[in-house]
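Structure record follows, encoded as structure tokens.
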Amino acid sequence: MDLRPGDVGLPLSLPGGDVRLYLDAIPEADQLFQKLMTEVPWKHEHIMLFGKRQAMPRLTCWMGDATYTYSGLTNVPAPWNESVQRIRDAAEEFSGTNFNGVLLNLYRDGRDSMGWHADDEATLGSNPIIASVNLGATRRFRFKPKPHHAAPTLGVYLPHASILVMQGATQENWLHAVPKSAKNIAPRINLTFRALKS
């Protein structure tokens with residue numbers, strides 16, 4: 001099942017998870033999107049998949065107060081910039097938590113994607129709160145249950161200036177992804193704020 005913004009209430013219906021979608025949550029979203037396109041030191045990272053070194057199907061940047069490792073990739077933080085800090089303020093307001101790091105992803109077109117995964121690294125602690133901010137083109141965001149958790153898959157379209165907050169046992173019970181699309185899709189920037197534990 002896929003949900004579009006007009007169909008989505010707060011919270012989303014995700015058994016065994018706690019997910020809330022907030023629309024029009026980022027003030028001056030148009031200007032901030034343009035600034036991030038040029039201000040962020042985007043990188044084209046490589047990861048090991050099935051024993052082969054492959055380019056990630058998107059551009060990324062890690063900003064934060066500490067180094068962050070995921071998928072075998074160690075990210076030394078770029079310094080916070082003013083635009084990202086303004087977006088962090090909104091993410092903290094809607095999620096009710098403080099964040100010390102953000103993974104930025106630039107999806108250049110429909111061919112860029114994010115594979116199935118959960119934000120469940122040990123450095124995030126148990127039941128982490130993740131605030132996912134979306135700027136630019138609307139992309140389809142998919143949820144599917146982990147093998148131990150019986151529930152139907154779910155899709156939701158995340159529009160410009162929205163914030164998706166995932167908390168509670170969401171990462172324990174669910175995987176999420178941004179699939180490829182054959183459609184002609186404009187660029188999208190996603191900022192996934194998180195709180196790393198010391």
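Convention: chains lettered A, B, ... in structure tokens order; per-chain residue numbering from 1; ligands numbered from 1 as shown.
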Close residues, stretch 176-188 of chain A itself excluded, 8 Å, only C-alpha atoms, min 2 positions apart in chain, as a ChimeraX atom specification: /A:106-118,134-144,174,190
Could you make a table, as CSV, of the residues of stretch 90-189 of chain A that have an atom within 10 Å of an atom of stretch 11-31 of chain A, each with its nearest atom pair and distance in Å to one decimal, counting only C-alpha atoms, in chain and number order?
residue,atom,partner,partner_atom,distance
A:Ala90,CA,A:Ile26,CA,6.5
A:Ala91,CA,A:Ala25,CA,8.5
A:Glu93,CA,A:Ala25,CA,9.8
A:Phe94,CA,A:Tyr22,CA,7.9
A:Ser95,CA,A:Arg20,CA,9.2
A:Asn127,CA,A:Gly17,CA,9.8
A:Ile129,CA,A:Asp18,CA,9.7
A:Ile130,CA,A:Val19,CA,9.6
A:Ala131,CA,A:Arg20,CA,9.6
A:Ser132,CA,A:Leu21,CA,9.4
A:Val133,CA,A:Ile26,CA,8.3
A:Asn134,CA,A:Ile26,CA,9.0
A:Leu135,CA,A:Ala29,CA,6.8
A:Gly136,CA,A:Asp30,CA,7.8
A:Phe143,CA,A:Leu14,CA,8.7
A:Lys144,CA,A:Leu14,CA,9.7
A:Pro145,CA,A:Gly16,CA,9.1
A:His149,CA,A:Gly16,CA,8.0
A:Ala150,CA,A:Pro15,CA,9.0
A:Ala151,CA,A:Pro15,CA,6.9
A:Pro152,CA,A:Leu14,CA,8.9
A:Thr153,CA,A:Leu14,CA,9.0
A:Leu154,CA,A:Leu14,CA,7.9
A:Val156,CA,A:Leu12,CA,9.1
A:Leu158,CA,A:Leu21,CA,8.4
A:Pro159,CA,A:Leu23,CA,7.7
A:His160,CA,A:Asp24,CA,7.5
A:Ala161,CA,A:Ile26,CA,5.0
A:Ser162,CA,A:Leu23,CA,4.5
A:Ile163,CA,A:Tyr22,CA,5.2
A:Leu164,CA,A:Leu21,CA,4.5
A:Val165,CA,A:Arg20,CA,5.2
A:Met166,CA,A:Val19,CA,4.6
A:Gln167,CA,A:Asp18,CA,5.3
A:Gly168,CA,A:Asp18,CA,5.6
A:Ala169,CA,A:Gly17,CA,5.2
A:Thr170,CA,A:Gly17,CA,4.0
A:Gln171,CA,A:Gly17,CA,7.7
A:Glu172,CA,A:Gly17,CA,8.3
A:Asn173,CA,A:Gly16,CA,6.3
A:Trp174,CA,A:Gly17,CA,7.4
Since we have the selection now, will you write its residues out, keeping N, CA and C atoms, as a short mmCIF file (atom, residue, chain, number, x, y, z; two decimals), in the first residue's frame?
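Saved as out_12.cif:
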data_model
loop_
_atom_site.label_atom_id
_atom_site.label_comp_id
_atom_site.auth_asym_id
_atom_site.auth_seq_id
_atom_site.Cartn_x
_atom_site.Cartn_y
_atom_site.Cartn_z
N ALA A 90 14.37 23.06 13.36
CA ALA A 90 13.01 22.60 13.06
C ALA A 90 12.86 21.12 13.39
N ALA A 91 13.86 20.31 13.03
CA ALA A 91 13.81 18.87 13.30
C ALA A 91 13.73 18.60 14.80
N GLU A 93 12.51 20.65 17.06
CA GLU A 93 11.21 21.11 17.55
C GLU A 93 10.13 20.06 17.32
N PHE A 94 10.09 19.48 16.11
CA PHE A 94 9.05 18.51 15.79
C PHE A 94 9.28 17.16 16.46
N SER A 95 10.54 16.79 16.70
CA SER A 95 10.83 15.47 17.29
C SER A 95 10.94 15.51 18.80
N ASN A 127 16.07 2.14 20.58
CA ASN A 127 14.91 2.98 20.23
C ASN A 127 15.32 4.42 19.87
N ILE A 129 15.65 8.05 18.05
CA ILE A 129 14.75 8.99 17.38
C ILE A 129 15.49 9.52 16.15
N ILE A 130 14.89 9.33 14.98
CA ILE A 130 15.47 9.77 13.72
C ILE A 130 14.50 10.76 13.08
N ALA A 131 15.00 11.94 12.73
CA ALA A 131 14.18 12.94 12.04
C ALA A 131 14.69 13.08 10.62
N SER A 132 13.85 12.74 9.65
CA SER A 132 14.22 12.74 8.24
C SER A 132 13.55 13.92 7.54
N VAL A 133 14.36 14.91 7.16
CA VAL A 133 13.86 16.12 6.52
C VAL A 133 14.01 16.00 5.00
N ASN A 134 12.97 16.39 4.28
CA ASN A 134 12.94 16.22 2.83
C ASN A 134 12.79 17.57 2.14
N LEU A 135 13.71 17.84 1.21
CA LEU A 135 13.69 19.08 0.43
C LEU A 135 13.84 18.73 -1.04
N GLY A 136 13.09 19.43 -1.89
CA GLY A 136 13.17 19.17 -3.32
C GLY A 136 12.07 18.24 -3.79
N PHE A 143 8.60 1.14 3.64
CA PHE A 143 8.84 0.39 4.87
C PHE A 143 8.52 -1.08 4.62
N LYS A 144 9.35 -1.99 5.13
CA LYS A 144 8.97 -3.40 5.15
C LYS A 144 9.41 -3.99 6.48
N PRO A 145 8.63 -4.95 7.00
CA PRO A 145 8.95 -5.51 8.32
C PRO A 145 10.20 -6.37 8.27
N HIS A 149 9.12 -9.82 12.37
CA HIS A 149 7.95 -8.97 12.65
C HIS A 149 6.94 -9.09 11.51
N ALA A 150 5.78 -9.63 11.80
CA ALA A 150 4.76 -9.87 10.77
C ALA A 150 3.88 -8.64 10.60
N ALA A 151 4.01 -7.99 9.44
CA ALA A 151 3.19 -6.83 9.12
C ALA A 151 3.29 -6.57 7.62
N PRO A 152 2.31 -5.90 7.04
CA PRO A 152 2.39 -5.60 5.60
C PRO A 152 3.39 -4.48 5.32
N THR A 153 3.91 -4.44 4.09
CA THR A 153 4.78 -3.34 3.69
C THR A 153 3.95 -2.07 3.53
N LEU A 154 4.64 -0.94 3.56
CA LEU A 154 3.97 0.34 3.49
C LEU A 154 4.83 1.32 2.70
N VAL A 156 5.13 5.60 1.52
CA VAL A 156 4.62 6.94 1.73
C VAL A 156 5.42 7.89 0.85
N LEU A 158 7.10 11.40 0.34
CA LEU A 158 7.62 12.44 1.21
C LEU A 158 7.84 13.72 0.39
N PRO A 159 7.03 14.74 0.60
CA PRO A 159 7.12 15.95 -0.21
C PRO A 159 8.11 16.96 0.35
N HIS A 160 8.36 17.98 -0.45
CA HIS A 160 9.21 19.12 -0.10
C HIS A 160 8.77 19.73 1.22
N ALA A 161 9.74 20.02 2.10
CA ALA A 161 9.52 20.70 3.39
C ALA A 161 8.87 19.83 4.45
N SER A 162 8.83 18.51 4.24
CA SER A 162 8.24 17.61 5.24
C SER A 162 9.32 17.03 6.16
N ILE A 163 8.87 16.59 7.33
CA ILE A 163 9.74 15.90 8.29
C ILE A 163 9.06 14.59 8.67
N LEU A 164 9.78 13.48 8.52
CA LEU A 164 9.31 12.17 8.95
C LEU A 164 10.09 11.81 10.21
N VAL A 165 9.39 11.61 11.32
CA VAL A 165 10.04 11.27 12.59
C VAL A 165 9.79 9.79 12.88
N MET A 166 10.88 9.03 13.01
CA MET A 166 10.82 7.61 13.35
C MET A 166 11.36 7.45 14.76
N GLN A 167 10.59 6.78 15.63
CA GLN A 167 11.02 6.62 17.02
C GLN A 167 10.48 5.31 17.58
N GLY A 168 10.64 5.13 18.90
CA GLY A 168 10.19 3.89 19.52
C GLY A 168 10.93 2.70 18.94
N ALA A 169 10.20 1.60 18.69
CA ALA A 169 10.80 0.36 18.19
C ALA A 169 10.83 0.28 16.67
N THR A 170 10.69 1.42 15.99
CA THR A 170 10.63 1.41 14.53
C THR A 170 11.86 0.74 13.92
N GLN A 171 13.06 1.11 14.36
CA GLN A 171 14.27 0.55 13.76
C GLN A 171 14.46 -0.93 14.13
N GLU A 172 13.90 -1.35 15.25
CA GLU A 172 13.99 -2.75 15.67
C GLU A 172 13.10 -3.65 14.81
N ASN A 173 11.97 -3.12 14.36
CA ASN A 173 10.98 -3.94 13.68
C ASN A 173 10.86 -3.69 12.17
N TRP A 174 11.42 -2.59 11.68
CA TRP A 174 11.19 -2.21 10.29
C TRP A 174 12.48 -1.84 9.57
#
Close residues, A:Leu196 itself excluded, 10 Å, only C-alpha atoms, min 5 positions apart in chain, as a ChimeraX atom specification: /A:64-68,99-102,121-125,128
DSSP alpha helix (DSSP H) residues within stretch 9-197 of chain A, as an MDAnalysis selection string: chainID A and resid 29:39 82:95 170:173
Serialized selection, N, CA, C and O atoms, as an mmCIF file, in the first residue's frame:
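That gives us again-v3.cif:
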data_model
loop_
_atom_site.group_PDB
_atom_site.id
_atom_site.type_symbol
_atom_site.label_atom_id
_atom_site.label_comp_id
_atom_site.auth_asym_id
_atom_site.auth_seq_id
_atom_site.Cartn_x
_atom_site.Cartn_y
_atom_site.Cartn_z
ATOM 1 N N ALA A 29 11.884 26.748 2.923
ATOM 2 C CA ALA A 29 12.424 25.498 2.398
ATOM 3 C C ALA A 29 13.031 25.674 1.005
ATOM 4 O O ALA A 29 14.055 25.057 0.687
ATOM 5 N N ASP A 30 12.431 26.502 0.169
ATOM 6 C CA ASP A 30 12.954 26.695 -1.187
ATOM 7 C C ASP A 30 14.366 27.270 -1.154
ATOM 8 O O ASP A 30 15.272 26.785 -1.846
ATOM 9 N N GLN A 31 14.554 28.317 -0.355
ATOM 10 C CA GLN A 31 15.869 28.949 -0.263
ATOM 11 C C GLN A 31 16.899 28.013 0.363
ATOM 12 O O GLN A 31 18.063 27.960 -0.084
ATOM 13 N N LEU A 32 16.495 27.265 1.377
ATOM 14 C CA LEU A 32 17.426 26.350 2.038
ATOM 15 C C LEU A 32 17.852 25.228 1.098
ATOM 16 O O LEU A 32 19.025 24.818 1.087
ATOM 17 N N PHE A 33 16.937 24.741 0.281
ATOM 18 C CA PHE A 33 17.281 23.702 -0.697
ATOM 19 C C PHE A 33 18.368 24.210 -1.642
ATOM 20 O O PHE A 33 19.367 23.525 -1.896
ATOM 21 N N GLN A 34 18.205 25.407 -2.169
ATOM 22 C CA GLN A 34 19.188 25.961 -3.089
ATOM 23 C C GLN A 34 20.536 26.167 -2.406
ATOM 24 O O GLN A 34 21.595 25.908 -3.006
ATOM 25 N N LYS A 35 20.520 26.607 -1.167
ATOM 26 C CA LYS A 35 21.775 26.809 -0.445
ATOM 27 C C LYS A 35 22.502 25.485 -0.215
ATOM 28 O O LYS A 35 23.722 25.395 -0.386
ATOM 29 N N LEU A 36 21.756 24.448 0.167
ATOM 30 C CA LEU A 36 22.398 23.156 0.422
ATOM 31 C C LEU A 36 23.002 22.579 -0.852
ATOM 32 O O LEU A 36 24.058 21.924 -0.802
ATOM 33 N N MET A 37 22.378 22.805 -1.980
ATOM 34 C CA MET A 37 22.910 22.283 -3.242
ATOM 35 C C MET A 37 24.324 22.791 -3.485
ATOM 36 O O MET A 37 25.171 22.076 -4.030
ATOM 37 N N THR A 38 24.612 24.028 -3.081
ATOM 38 C CA THR A 38 25.915 24.630 -3.370
ATOM 39 C C THR A 38 26.844 24.694 -2.164
ATOM 40 O O THR A 38 28.069 24.692 -2.326
ATOM 41 N N GLU A 39 26.298 24.748 -0.962
ATOM 42 C CA GLU A 39 27.127 24.934 0.234
ATOM 43 C C GLU A 39 27.690 23.632 0.805
ATOM 44 O O GLU A 39 28.757 23.631 1.431
ATOM 45 N N GLU A 82 25.327 27.150 8.614
ATOM 46 C CA GLU A 82 24.167 27.879 9.115
ATOM 47 C C GLU A 82 22.856 27.303 8.585
ATOM 48 O O GLU A 82 21.875 27.173 9.328
ATOM 49 N N SER A 83 22.830 26.943 7.310
ATOM 50 C CA SER A 83 21.590 26.425 6.724
ATOM 51 C C SER A 83 21.169 25.116 7.387
ATOM 52 O O SER A 83 19.998 24.915 7.712
ATOM 53 N N VAL A 84 22.127 24.208 7.598
ATOM 54 C CA VAL A 84 21.816 22.922 8.229
ATOM 55 C C VAL A 84 21.405 23.130 9.676
ATOM 56 O O VAL A 84 20.500 22.445 10.184
ATOM 57 N N GLN A 85 22.021 24.070 10.363
ATOM 58 C CA GLN A 85 21.636 24.341 11.745
ATOM 59 C C GLN A 85 20.200 24.851 11.830
ATOM 60 O O GLN A 85 19.462 24.499 12.755
ATOM 61 N N ARG A 86 19.782 25.659 10.867
ATOM 62 C CA ARG A 86 18.390 26.138 10.851
ATOM 63 C C ARG A 86 17.422 24.981 10.645
ATOM 64 O O ARG A 86 16.351 24.925 11.276
ATOM 65 N N ILE A 87 17.781 24.066 9.784
ATOM 66 C CA ILE A 87 16.930 22.890 9.558
ATOM 67 C C ILE A 87 16.932 22.002 10.801
ATOM 68 O O ILE A 87 15.893 21.445 11.181
ATOM 69 N N ARG A 88 18.096 21.872 11.452
ATOM 70 C CA ARG A 88 18.163 21.080 12.687
ATOM 71 C C ARG A 88 17.229 21.651 13.752
ATOM 72 O O ARG A 88 16.576 20.891 14.483
ATOM 73 N N ASP A 89 17.142 22.972 13.847
ATOM 74 C CA ASP A 89 16.240 23.586 14.833
ATOM 75 C C ASP A 89 14.803 23.111 14.621
ATOM 76 O O ASP A 89 14.095 22.777 15.583
ATOM 77 N N ALA A 90 14.368 23.061 13.364
ATOM 78 C CA ALA A 90 13.006 22.599 13.063
ATOM 79 C C ALA A 90 12.861 21.116 13.390
ATOM 80 O O ALA A 90 11.846 20.686 13.960
ATOM 81 N N ALA A 91 13.863 20.309 13.026
ATOM 82 C CA ALA A 91 13.806 18.872 13.296
ATOM 83 C C ALA A 91 13.734 18.601 14.798
ATOM 84 O O ALA A 91 12.994 17.709 15.244
ATOM 85 N N GLU A 92 14.463 19.371 15.577
ATOM 86 C CA GLU A 92 14.436 19.183 17.034
ATOM 87 C C GLU A 92 13.092 19.607 17.619
ATOM 88 O O GLU A 92 12.579 18.974 18.551
ATOM 89 N N GLU A 93 12.512 20.652 17.064
ATOM 90 C CA GLU A 93 11.206 21.112 17.553
ATOM 91 C C GLU A 93 10.130 20.061 17.321
ATOM 92 O O GLU A 93 9.331 19.763 18.230
ATOM 93 N N PHE A 94 10.093 19.484 16.109
ATOM 94 C CA PHE A 94 9.050 18.514 15.790
ATOM 95 C C PHE A 94 9.281 17.159 16.461
ATOM 96 O O PHE A 94 8.326 16.436 16.750
ATOM 97 N N SER A 95 10.539 16.788 16.701
ATOM 98 C CA SER A 95 10.832 15.474 17.290
ATOM 99 C C SER A 95 10.942 15.511 18.801
ATOM 100 O O SER A 95 10.882 14.470 19.457
ATOM 101 N N THR A 170 10.692 1.421 15.992
ATOM 102 C CA THR A 170 10.633 1.412 14.528
ATOM 103 C C THR A 170 11.856 0.739 13.918
ATOM 104 O O THR A 170 11.736 -0.120 13.028
ATOM 105 N N GLN A 171 13.057 1.105 14.363
ATOM 106 C CA GLN A 171 14.274 0.547 13.764
ATOM 107 C C GLN A 171 14.462 -0.930 14.132
ATOM 108 O O GLN A 171 15.091 -1.685 13.384
ATOM 109 N N GLU A 172 13.904 -1.347 15.250
ATOM 110 C CA GLU A 172 13.987 -2.754 15.665
ATOM 111 C C GLU A 172 13.096 -3.649 14.810
ATOM 112 O O GLU A 172 13.440 -4.804 14.527
ATOM 113 N N ASN A 173 11.970 -3.116 14.365
ATOM 114 C CA ASN A 173 10.975 -3.941 13.676
ATOM 115 C C ASN A 173 10.859 -3.692 12.174
ATOM 116 O O ASN A 173 10.249 -4.510 11.475
#
Option closest in space to A:Asp119, from A:Leu175, A:Leu104, A:Ala78, A:Met56 [counting only C-alpha atoms]: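 Closest candidate: A:Leu175.
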Which of chain A fall in strand (DSSP E), as a PyMOL selection string: chain A and resi 2-3+18-22+46-49+52-55+59-64+68-70+73-75+101-107+114-117+130-136+139-145+154-158+162-167+174-178+188-194
Contacts of stretch 44-47 of chain A within 7 Å, only C-alpha atoms, excl. fewer than 6 positions in-chain, as a ChimeraX atom specification: /A:53-56,58-60,73
Would you save the residues from that selection as a compact mmCIF listing (two decimals), in the first residue's frame, using all heavy atoms?
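Everything below was put into result-v8.txt:
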# COMPACT_ATOMS: atom_id res chain seq x y z
N ARG A 53 33.81 -3.31 -4.45
CA ARG A 53 33.74 -1.90 -4.13
C ARG A 53 32.84 -1.21 -5.15
O ARG A 53 33.12 -1.26 -6.35
CB ARG A 53 35.14 -1.28 -4.14
CG ARG A 53 35.21 0.16 -3.67
CD ARG A 53 36.67 0.59 -3.51
NE ARG A 53 36.77 1.95 -3.03
CZ ARG A 53 36.90 3.02 -3.81
NH1 ARG A 53 36.94 2.86 -5.14
NH2 ARG A 53 37.01 4.23 -3.30
N GLN A 54 31.76 -0.61 -4.65
CA GLN A 54 30.79 0.00 -5.56
C GLN A 54 30.48 1.43 -5.12
O GLN A 54 30.45 1.74 -3.92
CB GLN A 54 29.49 -0.81 -5.59
CG GLN A 54 29.67 -2.23 -6.10
CD GLN A 54 28.35 -2.97 -6.22
OE1 GLN A 54 27.29 -2.36 -6.24
NE2 GLN A 54 28.41 -4.28 -6.30
N ALA A 55 30.24 2.29 -6.11
CA ALA A 55 29.86 3.67 -5.81
C ALA A 55 28.43 3.70 -5.26
O ALA A 55 27.55 3.01 -5.77
CB ALA A 55 29.96 4.52 -7.06
N MET A 56 28.21 4.49 -4.22
CA MET A 56 26.86 4.64 -3.68
C MET A 56 26.00 5.38 -4.70
O MET A 56 26.46 6.32 -5.35
CB MET A 56 26.91 5.41 -2.36
CG MET A 56 27.68 4.70 -1.26
SD MET A 56 27.85 5.68 0.24
CE MET A 56 26.19 5.60 0.88
N ARG A 58 24.08 7.82 -4.85
CA ARG A 58 23.67 9.13 -4.37
C ARG A 58 24.92 9.83 -3.85
O ARG A 58 25.95 9.18 -3.65
CB ARG A 58 22.61 9.03 -3.26
CG ARG A 58 23.13 8.31 -2.03
CD ARG A 58 22.02 7.92 -1.06
NE ARG A 58 22.58 7.10 0.02
CZ ARG A 58 22.80 5.79 -0.08
NH1 ARG A 58 22.51 5.16 -1.20
NH2 ARG A 58 23.31 5.12 0.92
N LEU A 59 24.84 11.13 -3.60
CA LEU A 59 25.93 11.86 -2.98
C LEU A 59 25.60 12.05 -1.50
O LEU A 59 24.43 12.14 -1.13
CB LEU A 59 26.13 13.22 -3.66
CG LEU A 59 26.40 13.21 -5.16
CD1 LEU A 59 26.67 14.62 -5.67
CD2 LEU A 59 27.53 12.27 -5.53
N THR A 60 26.63 12.11 -0.66
CA THR A 60 26.40 12.18 0.78
C THR A 60 27.34 13.19 1.45
O THR A 60 28.34 13.61 0.88
CB THR A 60 26.62 10.81 1.46
OG1 THR A 60 27.99 10.43 1.31
CG2 THR A 60 25.72 9.74 0.87
N LEU A 73 31.51 2.17 6.48
CA LEU A 73 32.06 3.44 6.02
C LEU A 73 32.20 4.38 7.22
O LEU A 73 31.23 4.67 7.91
CB LEU A 73 31.14 4.06 4.97
CG LEU A 73 31.57 5.35 4.31
CD1 LEU A 73 32.82 5.11 3.46
CD2 LEU A 73 30.44 5.91 3.44
Atom-to-atom span, atom CA of A:Asn75 and atom CA of A:Lys52, Å: 19.7 Å
One-decimal distance in Å that lies between atom CA of A:Asn98 and atom CA of A:Ser126: 15.7 Å
